[in-house]
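Structure data follow from query.txt (compact mmCIF, C-alpha atoms and all ligand atoms):
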# COMPACT_ATOMS: atom_id res chain seq x y z
CA MET A 99 89.30 112.83 75.57
CA GLY A 100 90.69 112.36 79.07
CA LEU A 101 89.32 111.52 82.49
CA GLU A 102 88.08 114.04 85.05
CA VAL A 103 90.58 112.64 87.55
CA LYS A 104 94.41 112.88 87.56
CA ASP A 105 94.82 109.34 88.92
CA LEU A 106 93.00 106.03 88.98
CA LEU A 107 92.94 105.12 92.66
CA SER A 108 89.38 103.86 93.12
CA ILE A 109 86.36 103.35 90.85
CA HIS A 110 84.32 105.42 93.29
CA ASP A 111 86.34 108.50 92.19
CA LEU A 112 85.30 108.09 88.54
CA SER A 113 82.29 109.76 86.95
CA THR A 114 79.89 107.74 84.81
CA ASN A 115 81.38 109.54 81.83
CA ASP A 116 84.89 108.45 82.89
CA VAL A 117 83.76 104.81 83.10
CA ASN A 118 82.07 105.01 79.70
CA GLN A 119 85.15 106.61 78.12
CA ILE A 120 87.35 103.78 79.45
CA LEU A 121 84.97 101.08 78.16
CA ASP A 122 84.57 102.76 74.75
CA LEU A 123 88.29 103.33 74.21
CA ALA A 124 89.08 99.77 75.31
CA THR A 125 86.65 98.51 72.66
CA THR A 126 88.36 100.61 69.98
CA LEU A 127 91.89 99.66 71.04
CA LYS A 128 90.98 95.97 71.19
CA ALA A 129 89.57 96.13 67.65
CA GLN A 130 92.63 98.02 66.38
CA LEU A 131 94.94 95.43 67.89
CA LYS A 132 92.95 92.55 66.39
CA ASN A 133 92.97 94.30 62.97
CA GLY A 134 96.72 94.89 63.13
CA GLU A 135 96.27 98.69 63.11
CA GLN A 136 99.04 100.66 64.77
CA HIS A 137 97.82 102.78 67.71
CA HIS A 138 100.85 104.60 69.09
CA LEU A 139 98.88 106.93 71.32
CA LEU A 140 101.61 107.08 73.98
CA LYS A 141 104.61 107.35 71.67
CA GLY A 142 107.78 108.11 73.61
CA LYS A 143 106.06 107.93 77.01
CA THR A 144 107.28 105.81 79.92
CA LEU A 145 105.39 104.07 82.70
CA GLY A 146 107.13 103.21 85.98
CA MET A 147 105.62 100.03 87.47
CA ILE A 148 106.26 99.61 91.20
CA PHE A 149 105.54 96.12 92.51
CA GLN A 150 105.67 95.34 96.22
CA LYS A 151 103.62 92.14 95.61
CA SER A 152 103.70 89.31 93.06
CA SER A 153 101.95 89.55 89.70
CA THR A 154 101.54 87.77 86.39
CA ARG A 155 98.63 89.47 84.60
CA THR A 156 99.16 93.01 85.84
CA ARG A 157 102.85 93.15 85.09
CA VAL A 158 102.65 91.58 81.65
CA SER A 159 99.52 93.42 80.51
CA PHE A 160 100.76 96.87 81.56
CA GLU A 161 104.20 96.29 80.07
CA VAL A 162 102.93 94.87 76.78
CA GLY A 163 100.22 97.54 76.71
CA MET A 164 102.79 100.33 76.87
CA TRP A 165 104.80 98.75 74.05
CA GLN A 166 101.69 98.45 71.89
CA LEU A 167 100.95 102.14 72.53
CA GLY A 168 104.44 103.12 71.31
CA GLY A 169 105.89 103.74 74.77
CA SER A 170 107.87 101.74 77.25
CA ALA A 171 107.52 100.43 80.79
CA LEU A 172 109.99 99.97 83.63
CA PHE A 173 109.53 97.12 86.12
CA LEU A 174 110.49 98.41 89.56
CA ASN A 175 110.63 95.85 92.35
CA ALA A 176 109.84 97.83 95.50
CA ASN A 177 112.30 95.70 97.46
CA ASP A 178 115.13 96.76 95.16
CA MET A 179 114.19 100.44 95.37
CA GLN A 180 115.11 102.84 98.16
CA ILE A 181 111.40 102.88 99.05
CA GLY A 182 112.00 99.33 100.29
CA ARG A 183 114.67 100.75 102.66
CA GLY A 184 112.46 103.50 103.99
CA GLU A 185 112.72 106.36 101.48
CA PRO A 186 109.45 108.25 101.94
CA VAL A 187 106.67 107.69 99.43
CA LYS A 188 106.33 111.45 98.98
CA ASP A 189 109.99 111.73 97.93
CA THR A 190 109.77 108.72 95.61
CA ALA A 191 106.68 110.25 94.01
CA ARG A 192 108.43 113.53 93.27
CA VAL A 193 111.61 111.88 91.99
CA LEU A 194 109.78 109.50 89.65
CA SER A 195 107.71 112.45 88.37
CA ARG A 196 110.96 113.89 86.95
CA TYR A 197 111.73 110.74 84.94
CA VAL A 198 108.57 108.97 83.82
CA ASP A 199 105.11 109.97 82.55
CA GLY A 200 102.98 107.73 84.74
CA ILE A 201 103.30 105.49 87.80
CA MET A 202 101.57 102.15 88.26
CA ILE A 203 101.78 100.81 91.78
CA ARG A 204 100.85 97.52 93.48
CA THR A 205 101.34 97.61 97.22
CA SER A 206 99.59 96.58 100.46
CA SER A 207 98.65 99.95 101.87
CA HIS A 208 95.94 101.91 100.08
CA ASP A 209 97.05 105.06 101.93
CA GLU A 210 100.50 104.70 100.38
CA VAL A 211 98.94 104.87 96.91
CA ILE A 212 96.92 107.94 97.90
CA GLU A 213 100.12 109.55 99.20
CA MET A 214 101.97 108.67 95.99
CA ALA A 215 99.22 110.32 93.93
CA LYS A 216 99.18 113.40 96.15
CA TYR A 217 102.87 114.09 95.65
CA ALA A 218 103.33 112.89 92.06
CA SER A 219 102.78 115.48 89.35
CA ILE A 220 102.02 112.63 86.94
CA PRO A 221 99.11 110.13 86.89
CA VAL A 222 99.21 107.27 89.40
CA ILE A 223 97.36 104.01 88.69
CA ASN A 224 96.38 101.67 91.52
CA ALA A 225 97.28 98.16 90.39
CA LEU A 226 95.99 96.53 93.62
CA THR A 227 96.08 97.39 97.28
CA GLU A 228 94.61 95.50 100.23
CA MET A 229 91.50 97.65 99.76
CA MET A 230 90.95 97.81 96.00
CA HIS A 231 91.72 96.49 92.54
CA PRO A 232 90.09 99.01 90.18
CA CYS A 233 91.84 97.95 86.94
CA GLN A 234 90.53 94.42 87.45
CA ALA A 235 86.93 95.45 88.20
CA LEU A 236 86.82 97.78 85.17
CA THR A 237 88.07 94.85 83.11
CA ASP A 238 85.35 92.67 84.60
CA ILE A 239 82.46 94.95 83.64
CA PHE A 240 84.02 95.33 80.17
CA THR A 241 84.02 91.53 79.85
CA VAL A 242 80.39 91.33 81.00
CA MET A 243 79.47 94.01 78.45
CA GLU A 244 81.15 92.00 75.68
CA TYR A 245 79.28 88.83 76.63
CA LYS A 246 75.88 90.26 77.56
CA GLY A 247 75.73 93.45 75.46
CA LYS A 248 74.63 95.51 78.48
CA LEU A 249 75.32 96.06 82.17
CA GLN A 250 72.30 97.85 83.60
CA GLY A 251 69.85 95.50 85.28
CA LEU A 252 72.12 92.43 85.20
CA LYS A 253 72.84 90.57 88.42
CA MET A 254 76.33 89.63 89.55
CA ALA A 255 76.78 87.22 92.45
CA TYR A 256 80.08 87.44 94.32
CA ILE A 257 80.84 84.45 96.52
CA GLY A 258 83.83 84.45 98.86
CA ASP A 259 86.05 86.84 100.77
CA GLY A 260 85.01 90.46 101.42
CA ASN A 261 88.31 91.64 99.99
CA ASN A 262 89.87 94.19 97.62
CA MET A 263 88.20 92.52 94.65
CA VAL A 264 84.64 92.78 95.93
CA HIS A 265 85.25 96.37 97.07
CA SER A 266 86.11 97.41 93.52
CA LEU A 267 83.35 95.25 92.03
CA VAL A 268 80.67 96.78 94.22
CA GLN A 269 81.89 100.24 93.27
CA ALA A 270 81.85 99.31 89.57
CA CYS A 271 78.39 97.73 89.74
CA ALA A 272 76.99 100.74 91.60
CA LYS A 273 78.38 103.11 88.95
CA VAL A 274 76.89 101.25 85.99
CA GLY A 275 73.54 100.21 87.50
CA MET A 276 74.32 96.52 87.78
CA ASP A 277 73.00 94.51 90.76
CA ILE A 278 75.47 92.71 93.00
CA ALA A 279 74.61 90.07 95.60
CA ILE A 280 77.54 89.33 97.89
CA ALA A 281 77.82 86.15 99.98
CA THR A 282 80.67 85.89 102.49
CA PRO A 283 81.20 83.84 105.63
CA LYS A 284 80.37 85.65 108.87
CA GLY A 285 83.31 87.83 109.91
CA TYR A 286 84.62 88.19 106.33
CA GLU A 287 82.16 90.83 105.09
CA PRO A 288 83.35 93.71 102.88
CA ASP A 289 84.24 97.07 104.40
CA ALA A 290 81.06 98.79 105.63
CA ALA A 291 82.19 102.27 104.55
CA ILE A 292 82.73 101.13 100.96
CA ILE A 293 79.34 99.41 100.89
CA ASN A 294 77.58 102.47 102.31
CA GLU A 295 79.29 104.81 99.84
CA SER A 296 78.26 102.51 96.98
CA LEU A 297 74.68 102.28 98.29
CA GLU A 298 74.49 106.07 97.87
CA VAL A 299 75.68 105.81 94.25
CA ALA A 300 73.25 102.94 93.69
CA LYS A 301 70.32 105.17 94.69
CA VAL A 302 71.02 107.19 91.55
CA THR A 303 71.89 104.38 89.13
CA GLY A 304 69.28 101.87 90.32
CA SER A 305 71.80 99.17 91.20
CA LYS A 306 70.75 96.74 93.96
CA ILE A 307 73.47 95.79 96.47
CA THR A 308 72.80 92.97 98.93
CA LEU A 309 74.92 91.14 101.51
CA SER A 310 74.28 87.68 102.93
CA ASN A 311 76.07 84.59 104.21
CA ASP A 312 74.30 82.28 101.76
CA PRO A 313 75.98 81.52 98.40
CA LEU A 314 72.83 79.93 96.97
CA ILE A 315 70.68 82.97 97.75
CA ALA A 316 73.31 85.25 96.19
CA ALA A 317 73.61 83.08 93.07
CA GLN A 318 69.85 82.76 92.49
CA ASP A 319 69.08 83.91 88.90
CA ALA A 320 72.50 85.55 88.57
CA ASP A 321 73.81 86.55 85.13
CA VAL A 322 77.41 86.63 86.34
CA LEU A 323 79.08 84.49 89.02
CA TYR A 324 82.33 85.83 90.48
CA THR A 325 84.78 84.53 93.03
CA ASP A 326 88.32 85.18 94.23
CA VAL A 327 90.84 83.37 96.42
CA TRP A 328 89.94 82.72 100.07
CA ALA A 329 93.32 84.07 101.24
CA SER A 330 94.63 87.12 99.41
CA MET A 331 98.28 88.10 99.13
CA GLY A 332 99.52 88.98 102.60
CA ARG A 333 97.02 86.62 104.29
CA GLU A 334 98.98 83.42 103.66
CA THR A 335 99.35 82.67 107.37
CA GLU A 336 95.53 82.58 107.71
CA GLN A 337 95.20 79.97 104.95
CA ASN A 338 94.31 77.07 107.25
CA ILE A 339 91.76 78.98 109.34
CA ARG A 340 90.24 80.36 106.17
CA LYS A 341 89.91 76.91 104.59
CA ILE A 342 87.54 76.06 107.43
CA ALA A 343 85.65 79.37 107.44
CA PHE A 344 85.17 79.40 103.67
CA ALA A 345 84.18 75.77 103.14
CA GLY A 346 80.97 75.96 101.08
CA TYR A 347 81.81 79.38 99.60
CA GLN A 348 82.66 77.86 96.26
CA ILE A 349 81.41 78.23 92.70
CA ASN A 350 80.47 74.66 91.87
CA GLN A 351 77.71 72.87 89.97
CA LYS A 352 75.20 73.43 92.80
CA VAL A 353 75.74 77.18 92.53
CA MET A 354 75.63 77.05 88.70
CA ASP A 355 72.27 75.24 88.93
CA VAL A 356 70.53 78.14 90.70
CA ALA A 357 72.04 80.87 88.48
CA LYS A 358 70.60 81.68 85.05
CA SER A 359 71.29 78.91 82.55
CA ASP A 360 73.49 81.28 80.50
CA ALA A 361 75.34 82.71 83.50
CA MET A 362 78.99 83.53 82.87
CA VAL A 363 81.72 82.78 85.38
CA LEU A 364 84.48 85.24 86.21
CA HIS A 365 87.56 85.02 88.43
CA CYS A 366 90.31 87.65 88.58
CA LEU A 367 92.92 84.82 88.83
CA PRO A 368 95.10 83.28 90.09
CA ALA A 369 92.54 80.59 91.04
CA HIS A 370 92.77 77.83 93.60
CA ARG A 371 90.80 74.98 92.06
CA GLY A 372 89.00 72.90 94.65
CA GLU A 373 88.75 75.90 97.00
CA GLU A 374 86.76 78.93 95.77
CA ILE A 375 85.98 77.29 92.40
CA THR A 376 85.87 73.75 91.08
CA ASP A 377 88.04 72.65 88.18
CA GLU A 378 84.86 71.61 86.38
CA VAL A 379 83.41 75.16 86.50
CA MET A 380 86.75 76.80 85.64
CA GLU A 381 87.04 74.67 82.53
CA SER A 382 83.34 74.82 81.57
CA LYS A 383 81.91 76.65 78.55
CA GLN A 384 80.39 79.21 80.89
CA SER A 385 83.79 80.24 82.22
CA ALA A 386 85.06 83.49 80.69
CA VAL A 387 88.17 83.76 82.84
CA PHE A 388 90.74 83.80 80.05
CA ASP A 389 88.84 86.39 77.98
CA GLN A 390 88.66 88.34 81.23
CA ALA A 391 92.43 88.02 81.72
CA GLU A 392 93.04 89.18 78.13
CA ASN A 393 90.84 92.20 78.68
CA ARG A 394 93.19 93.54 81.36
CA LEU A 395 95.41 94.54 78.44
CA HIS A 396 92.73 96.48 76.55
CA ILE A 397 91.21 98.21 79.58
CA GLN A 398 94.57 99.28 81.00
CA LYS A 399 95.69 100.63 77.62
CA ALA A 400 92.52 102.74 77.59
CA ILE A 401 93.18 103.92 81.16
CA MET A 402 96.77 104.86 80.32
CA VAL A 403 95.81 106.77 77.17
CA LEU A 404 93.05 108.64 79.00
CA LEU A 405 95.36 109.56 81.89
CA MET A 406 98.73 109.94 80.17
CA GLY A 407 97.87 110.88 76.59
CA SER A 408 98.58 114.37 75.26
CA GLU A 409 94.94 115.46 75.37
CA ALA A 410 94.64 114.19 78.92
CA SER A 411 97.75 115.97 80.19
CA SER A 412 96.94 119.25 78.43
CA LYS A 413 93.67 119.39 80.40
CA LYS A 414 95.27 119.06 83.86
N1 LIG B 1 94.31 89.44 88.55
C1 LIG B 1 95.53 89.93 88.80
O1 LIG B 1 95.71 91.08 89.18
O2 LIG B 1 96.52 89.04 88.54
P1 LIG B 1 98.07 89.19 88.91
O3 LIG B 1 98.16 89.15 90.41
O4 LIG B 1 98.73 88.04 88.25
O5 LIG B 1 98.57 90.52 88.40
N1 LIG B 2 92.29 89.27 96.27
C1 LIG B 2 93.46 88.85 95.56
C2 LIG B 2 93.44 89.37 94.17
C3 LIG B 2 94.61 88.95 93.32
C4 LIG B 2 94.58 89.53 91.94
C5 LIG B 2 94.71 89.30 96.30
O1 LIG B 2 94.72 90.45 96.78
O2 LIG B 2 95.64 88.52 96.42
Write the structure described by the file as structure tokens, please.
Amino acid sequence: MGLEVKDLLSIHDLSTNDVNQILDLATTLKAQLKNGEQHHLLKGKTLGMIFQKSSTRTRVSFEVGMWQLGGSALFLNANDMQIGRGEPVKDTARVLSRYVDGIMIRTSSHDEVIEMAKYASIPVINALTEMMHPCQALTDIFTVMEYKGKLQGLKMAYIGDGNNMVHSLVQACAKVGMDIAIATPKGYEPDAAIINESLEVAKVTGSKITLSNDPLIAAQDADVLYTDVWASMGRETEQNIRKIAFAGYQINQKVMDVAKSDAMVLHCLPAHRGEEITDEVMESKQSAVFDQAENRLHIQKAIMVLLMGSEASSKK
């Protein structure tokens, strides 16, 4: 047991075996929790959680997850730390490595997370950067697996901004052989390097990755419909321009009508009803967004055990 990587920075870094281990252990841990079985796999361990951006799901699910695993978690607001006053990331990484057993970090710069992982002797988990949100995308494929019983050959349609969320989703879909059709407004496409890297992975797994500017083409016969906010954290000043650019990039009844009749709807949350998704779709029977939110807990517990557990650390 244990992943082939020291850190979880990007889904692209994971092997297929790593992804399967995370999904399998999350299934076991979820069942144990539901059955009231104790699973103190990280007894006495501590996770330091650095937040430079807001969070509801990530903070609560990591913190509760550590408690359920018999360990504890420390909430560290980056603005209250010396890192917020300019202490180098590489020094913070080495200092925290002397106190805690794992670092979870949510910050703007992806390079900062890479730097943290390079200098930390303990596992570092990316809990969202401007480029990626791997814990969320792993949760999303886990949720699809629960609902559909498989991943390979299914079609996900992602409608909206070419942001951190779609970067991690395309990497996840490529790894597990799921198709993904992405529709963004012109000028808001995902990062070309990430798409190209995933296209290489897709050649092996059989996943089909397509980009367009047409939500209805993307959603055609989709098994899963996914969207995210038009303006991510840090882009608040662009909100008004984006409202114009993204008009029409919404999961609504018209989009639902062209997808498969049993299509499920996912959203990483928080959602802006009336913008990227209608209230009607959010509240419909096809919406799985709250199961998806719950699954952050189970997937992240699996990730922490596989990175921070005794078998994992003895291997590295
Ligand atoms: N989906 C997600 O990461 O939510 P939070 O920003 O609330 O953590
Ligand atoms: N793309 C969103 C995801 C929030 C979980 C953001 O970065 O704000």
Surroundings of ligand LIG 2 (chain B) up to 7 Å, based on only C-alpha atoms and all ligand atoms, as a list in words: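 Listed by chain and ascending number, the contacts are Leu226, Glu228, Asn261, Asn262, Met263, Asp326, Val327, Ala329, Ser330, Met331, Cys366, Leu367 and Pro368 of chain A.
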Contacts with ligand LIG 1 (chain B) at most 7 Å, only C-alpha atoms and all ligand atoms counted, listed as a ChimeraX atom specification: /A:152-157,234,366-368
Point-to-point distance in Å for CA of Ala255 in chain A and CA of Lys399 in chain A: 27.5 Å
Cut-off 10 Å around (86.4, 76.2, 86.5) with only C-alpha atoms: residues as a PyMOL selection string: chain A and resi 349-351+363-365+369-372+374-387
Fewer than 2 positions away in the same chain doesn't count, so skip those; otherwise give me all residues within 7 Å of range 137-140 of chain A, counting all atoms listed in the file, as a CSV table (one decimal) with C-alpha atoms, in the coordinates of the input.
chain,number,residue,atom,x,y,z
A,135,GLU,CA,96.3,98.7,63.1
A,142,GLY,CA,107.8,108.1,73.6
A,143,LYS,CA,106.1,107.9,77.0
A,166,GLN,CA,101.7,98.4,71.9
A,167,LEU,CA,101.0,102.1,72.5
A,168,GLY,CA,104.4,103.1,71.3
A,169,GLY,CA,105.9,103.7,74.8
A,403,VAL,CA,95.8,106.8,77.2
A,407,GLY,CA,97.9,110.9,76.6
Atom pair CA of Phe388 in chain A / CA of Asn115 in chain A: separation (Å): 27.4 Å
Closest of A:Ile220, A:Ile109, A:Ala345, A:Leu236 to Leu395 in chain A - atom-to-atom distances counting only C-alpha atoms: A:Leu236
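Minimum distance to Thr237 in chain A across A:Asp355, A:Tyr256, A:Gly134, A:Leu267 (counting all atoms listed in the file) occurs at A:Leu267.
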